[in-house]
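Shown next, in structure tokens, is the structure this report addresses.
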Amino acid sequence: MLARDGARRHAPARIRSLAKGRVAGFAVGMDLVEVCFQGSGKTVFVPPGTTLLAAAGMAGIDVATGCTRGMCGTDAWHVQGAADCLHVAVEPERATLDRMGVAADCRLLCSARVQRGRVVVAGDAVAG
Ligand code: FES
């Protein structure tokens with residue numbers, strides 16, 4: 001998968017196959033979701049259902065992670081976009097965000113999955 005800067009990024013096998021299918025015309029009707037990483041200026045286009053952490057990996061952005069299952073809160077970042085651009089936070093992500101007391105626009109990158117449109121990942125919720 002190519003990032004906007006033209007660099008080739010390694011994506012998980014499922015995402016690679018979906019992207020190839022789209023290019024080859026097998027994933028008719030699948031709209032990719034635009035994910036912009038504000039601090040770096042990098043943008044990637046990913047299939048719906050991709051986590052923001054996977055999108056960050058494709059963009060070549062290092063994200064500090066811990067459990068990668070929505071429980072530790074290490075990867076809480078501010079996220080902007082239309083209300084329906086991400087799937088709603090479910091457990092355990094919801095409970096972790098509540099426990100952390102972060103702003104309402106924060107999501108855990110390992111758990112938040114894109115749905116449609118354009119998502120802007122604005123910055124680490126804890127580090128500022
Ligand atoms: S890495 Fe632990 S919550 Fe995302």
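Ligands are numbered from 1 in the order shown, residues from 1 within each chain, and chains are lettered A, B, ... in the order they appear in the structure tokens.
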>> Would you pick out the contacts of Cys106 of chain A at 8 Å or less, using only C-alpha atoms, so that residues sharing its chain but fewer than 6 positions from it are not included, and give the list as a PyMOL selection string?
In response: chain A and resi 76-79+97+125
Residues from the last selection, N, CA and C atoms, saved as a PDB file, in the first residue's frame:
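Final output, saved to again.pdb:
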```pdb
ATOM      1  N   ALA A  76      -3.770   6.400  23.592  1.00  0.00           N
ATOM      2  CA  ALA A  76      -4.910   7.322  23.519  1.00  0.00           C
ATOM      3  C   ALA A  76      -4.491   8.580  22.774  1.00  0.00           C
ATOM      4  N   TRP A  77      -5.172   8.859  21.665  1.00  0.00           N
ATOM      5  CA  TRP A  77      -4.864  10.028  20.844  1.00  0.00           C
ATOM      6  C   TRP A  77      -6.150  10.795  20.564  1.00  0.00           C
ATOM      7  N   HIS A  78      -6.005  12.084  20.316  1.00  0.00           N
ATOM      8  CA  HIS A  78      -7.141  12.889  19.872  1.00  0.00           C
ATOM      9  C   HIS A  78      -7.444  12.536  18.419  1.00  0.00           C
ATOM     10  N   VAL A  79      -8.718  12.367  18.121  1.00  0.00           N
ATOM     11  CA  VAL A  79      -9.149  12.010  16.775  1.00  0.00           C
ATOM     12  C   VAL A  79     -10.294  12.926  16.376  1.00  0.00           C
ATOM     13  N   LEU A  97     -11.079   4.373  28.286  1.00  0.00           N
ATOM     14  CA  LEU A  97     -11.161   5.822  28.079  1.00  0.00           C
ATOM     15  C   LEU A  97     -11.852   6.491  29.264  1.00  0.00           C
ATOM     16  N   ALA A 125      -3.041  11.951  23.405  1.00  0.00           N
ATOM     17  CA  ALA A 125      -3.937  12.549  24.389  1.00  0.00           C
ATOM     18  C   ALA A 125      -3.250  12.801  25.724  1.00  0.00           C
TER      19      ALA A 125
END
```
Determine, using only C-alpha atoms and all ligand atoms, which residues of chain A have any atom at most 10 Å from an atom of ligand 1, and tabulate each with its shortest atom pair and distance in Å to one decimal place, rows ordered by chain and then rising number, as CSV.
```
residue,atom,partner,partner_atom_place_in_ligand_line,distance
A:Leu53,CA,ligand 1,4 (Fe),8.3
A:Val63,CA,ligand 1,1 (S),9.0
A:Ala64,CA,ligand 1,1 (S),7.4
A:Thr65,CA,ligand 1,1 (S),4.0
A:Gly66,CA,ligand 1,1 (S),4.0
A:Cys67,CA,ligand 1,2 (Fe),3.9
A:Thr68,CA,ligand 1,1 (S),3.6
A:Arg69,CA,ligand 1,3 (S),5.5
A:Gly70,CA,ligand 1,3 (S),3.4
A:Met71,CA,ligand 1,3 (S),4.5
A:Cys72,CA,ligand 1,2 (Fe),3.9
A:Gly73,CA,ligand 1,3 (S),3.9
A:Thr74,CA,ligand 1,2 (Fe),5.1
A:Asp75,CA,ligand 1,4 (Fe),4.8
A:Ala76,CA,ligand 1,4 (Fe),7.0
A:Trp77,CA,ligand 1,4 (Fe),9.9
A:Pro92,CA,ligand 1,3 (S),8.6
A:Glu93,CA,ligand 1,3 (S),7.0
A:Thr96,CA,ligand 1,3 (S),7.4
A:Leu97,CA,ligand 1,3 (S),9.0
A:Arg107,CA,ligand 1,4 (Fe),9.0
A:Leu108,CA,ligand 1,4 (Fe),5.2
A:Leu109,CA,ligand 1,4 (Fe),5.9
A:Cys110,CA,ligand 1,4 (Fe),4.4
A:Ser111,CA,ligand 1,4 (Fe),6.4
A:Ala112,CA,ligand 1,4 (Fe),9.1
```
Expected file: the selected residues, N, CA and C atoms, as a PDB file, in the first residue's frame:
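Result written to part16.pdb:
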```
ATOM      1  N   LEU A  53      -4.289   2.170  14.563  1.00  0.00           N
ATOM      2  CA  LEU A  53      -2.909   1.726  14.791  1.00  0.00           C
ATOM      3  C   LEU A  53      -2.328   1.103  13.513  1.00  0.00           C
ATOM      4  N   VAL A  63       3.948   4.550  17.041  1.00  0.00           N
ATOM      5  CA  VAL A  63       2.999   4.792  18.125  1.00  0.00           C
ATOM      6  C   VAL A  63       3.403   3.906  19.292  1.00  0.00           C
ATOM      7  N   ALA A  64       3.526   4.507  20.474  1.00  0.00           N
ATOM      8  CA  ALA A  64       3.819   3.718  21.665  1.00  0.00           C
ATOM      9  C   ALA A  64       2.590   2.889  22.010  1.00  0.00           C
ATOM     10  N   THR A  65       2.773   1.586  22.157  1.00  0.00           N
ATOM     11  CA  THR A  65       1.659   0.712  22.496  1.00  0.00           C
ATOM     12  C   THR A  65       2.034  -0.181  23.669  1.00  0.00           C
ATOM     13  N   GLY A  66       1.020  -0.745  24.263  1.00  0.00           N
ATOM     14  CA  GLY A  66       1.222  -1.700  25.344  1.00  0.00           C
ATOM     15  C   GLY A  66       0.507  -2.990  25.016  1.00  0.00           C
ATOM     16  N   CYS A  67      -0.729  -3.081  25.469  1.00  0.00           N
ATOM     17  CA  CYS A  67      -1.486  -4.329  25.339  1.00  0.00           C
ATOM     18  C   CYS A  67      -1.991  -4.592  23.926  1.00  0.00           C
ATOM     19  N   THR A  68      -2.224  -3.558  23.150  1.00  0.00           N
ATOM     20  CA  THR A  68      -2.866  -3.596  21.824  1.00  0.00           C
ATOM     21  C   THR A  68      -4.246  -4.238  21.863  1.00  0.00           C
ATOM     22  N   ARG A  69      -4.896  -4.185  23.021  1.00  0.00           N
ATOM     23  CA  ARG A  69      -6.252  -4.756  23.144  1.00  0.00           C
ATOM     24  C   ARG A  69      -7.223  -3.808  23.836  1.00  0.00           C
ATOM     25  N   GLY A  70      -6.873  -2.529  23.911  1.00  0.00           N
ATOM     26  CA  GLY A  70      -7.806  -1.566  24.467  1.00  0.00           C
ATOM     27  C   GLY A  70      -7.869  -1.507  25.980  1.00  0.00           C
ATOM     28  N   MET A  71      -6.867  -2.032  26.641  1.00  0.00           N
ATOM     29  CA  MET A  71      -6.953  -2.094  28.106  1.00  0.00           C
ATOM     30  C   MET A  71      -5.954  -1.201  28.839  1.00  0.00           C
ATOM     31  N   CYS A  72      -4.811  -0.890  28.241  1.00  0.00           N
ATOM     32  CA  CYS A  72      -3.787  -0.150  28.991  1.00  0.00           C
ATOM     33  C   CYS A  72      -3.873   1.369  28.786  1.00  0.00           C
ATOM     34  N   GLY A  73      -4.378   1.815  27.662  1.00  0.00           N
ATOM     35  CA  GLY A  73      -4.527   3.243  27.402  1.00  0.00           C
ATOM     36  C   GLY A  73      -3.275   3.938  26.906  1.00  0.00           C
ATOM     37  N   THR A  74      -2.250   3.196  26.595  1.00  0.00           N
ATOM     38  CA  THR A  74      -0.990   3.787  26.142  1.00  0.00           C
ATOM     39  C   THR A  74      -1.147   4.583  24.852  1.00  0.00           C
ATOM     40  N   ASP A  75      -2.048   4.166  24.001  1.00  0.00           N
ATOM     41  CA  ASP A  75      -2.181   4.787  22.678  1.00  0.00           C
ATOM     42  C   ASP A  75      -3.445   5.642  22.550  1.00  0.00           C
ATOM     43  N   ALA A  76      -3.770   6.400  23.592  1.00  0.00           N
ATOM     44  CA  ALA A  76      -4.910   7.322  23.519  1.00  0.00           C
ATOM     45  C   ALA A  76      -4.491   8.580  22.774  1.00  0.00           C
ATOM     46  N   TRP A  77      -5.172   8.859  21.665  1.00  0.00           N
ATOM     47  CA  TRP A  77      -4.864  10.028  20.844  1.00  0.00           C
ATOM     48  C   TRP A  77      -6.150  10.795  20.564  1.00  0.00           C
ATOM     49  N   PRO A  92     -13.245  -3.396  25.521  1.00  0.00           N
ATOM     50  CA  PRO A  92     -12.799  -2.692  26.718  1.00  0.00           C
ATOM     51  C   PRO A  92     -12.350  -1.244  26.471  1.00  0.00           C
ATOM     52  N   GLU A  93     -12.339  -0.795  25.196  1.00  0.00           N
ATOM     53  CA  GLU A  93     -11.872   0.559  24.922  1.00  0.00           C
ATOM     54  C   GLU A  93     -12.682   1.597  25.699  1.00  0.00           C
ATOM     55  N   THR A  96     -11.730   1.823  29.312  1.00  0.00           N
ATOM     56  CA  THR A  96     -10.378   2.367  29.490  1.00  0.00           C
ATOM     57  C   THR A  96     -10.392   3.882  29.311  1.00  0.00           C
ATOM     58  N   LEU A  97     -11.079   4.373  28.286  1.00  0.00           N
ATOM     59  CA  LEU A  97     -11.161   5.822  28.079  1.00  0.00           C
ATOM     60  C   LEU A  97     -11.852   6.491  29.264  1.00  0.00           C
ATOM     61  N   ARG A 107      -9.492   8.515  21.345  1.00  0.00           N
ATOM     62  CA  ARG A 107      -9.709   7.093  21.079  1.00  0.00           C
ATOM     63  C   ARG A 107      -8.384   6.353  21.262  1.00  0.00           C
ATOM     64  N   LEU A 108      -8.492   5.052  21.453  1.00  0.00           N
ATOM     65  CA  LEU A 108      -7.311   4.198  21.541  1.00  0.00           C
ATOM     66  C   LEU A 108      -7.006   3.691  20.137  1.00  0.00           C
ATOM     67  N   LEU A 109      -5.816   3.995  19.630  1.00  0.00           N
ATOM     68  CA  LEU A 109      -5.507   3.677  18.242  1.00  0.00           C
ATOM     69  C   LEU A 109      -5.563   2.178  17.953  1.00  0.00           C
ATOM     70  N   CYS A 110      -5.271   1.360  18.947  1.00  0.00           N
ATOM     71  CA  CYS A 110      -5.302  -0.088  18.727  1.00  0.00           C
ATOM     72  C   CYS A 110      -6.721  -0.617  18.580  1.00  0.00           C
ATOM     73  N   SER A 111      -7.687   0.135  19.035  1.00  0.00           N
ATOM     74  CA  SER A 111      -9.069  -0.356  19.081  1.00  0.00           C
ATOM     75  C   SER A 111     -10.010   0.379  18.147  1.00  0.00           C
ATOM     76  N   ALA A 112      -9.751   1.659  17.902  1.00  0.00           N
ATOM     77  CA  ALA A 112     -10.655   2.461  17.075  1.00  0.00           C
ATOM     78  C   ALA A 112     -10.549   2.012  15.624  1.00  0.00           C
TER      79      ALA A 112
END
```
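Residue neighbourhood of Val119 of chain A, excluding near-sequence residues (fewer than 5 positions): Val33, Glu34, Val35, Cys36, Val79, Gln80, Gly81, Ala82, Cys85, Leu86 and Val114 of chain A, at 8 Å, using only C-alpha atoms.
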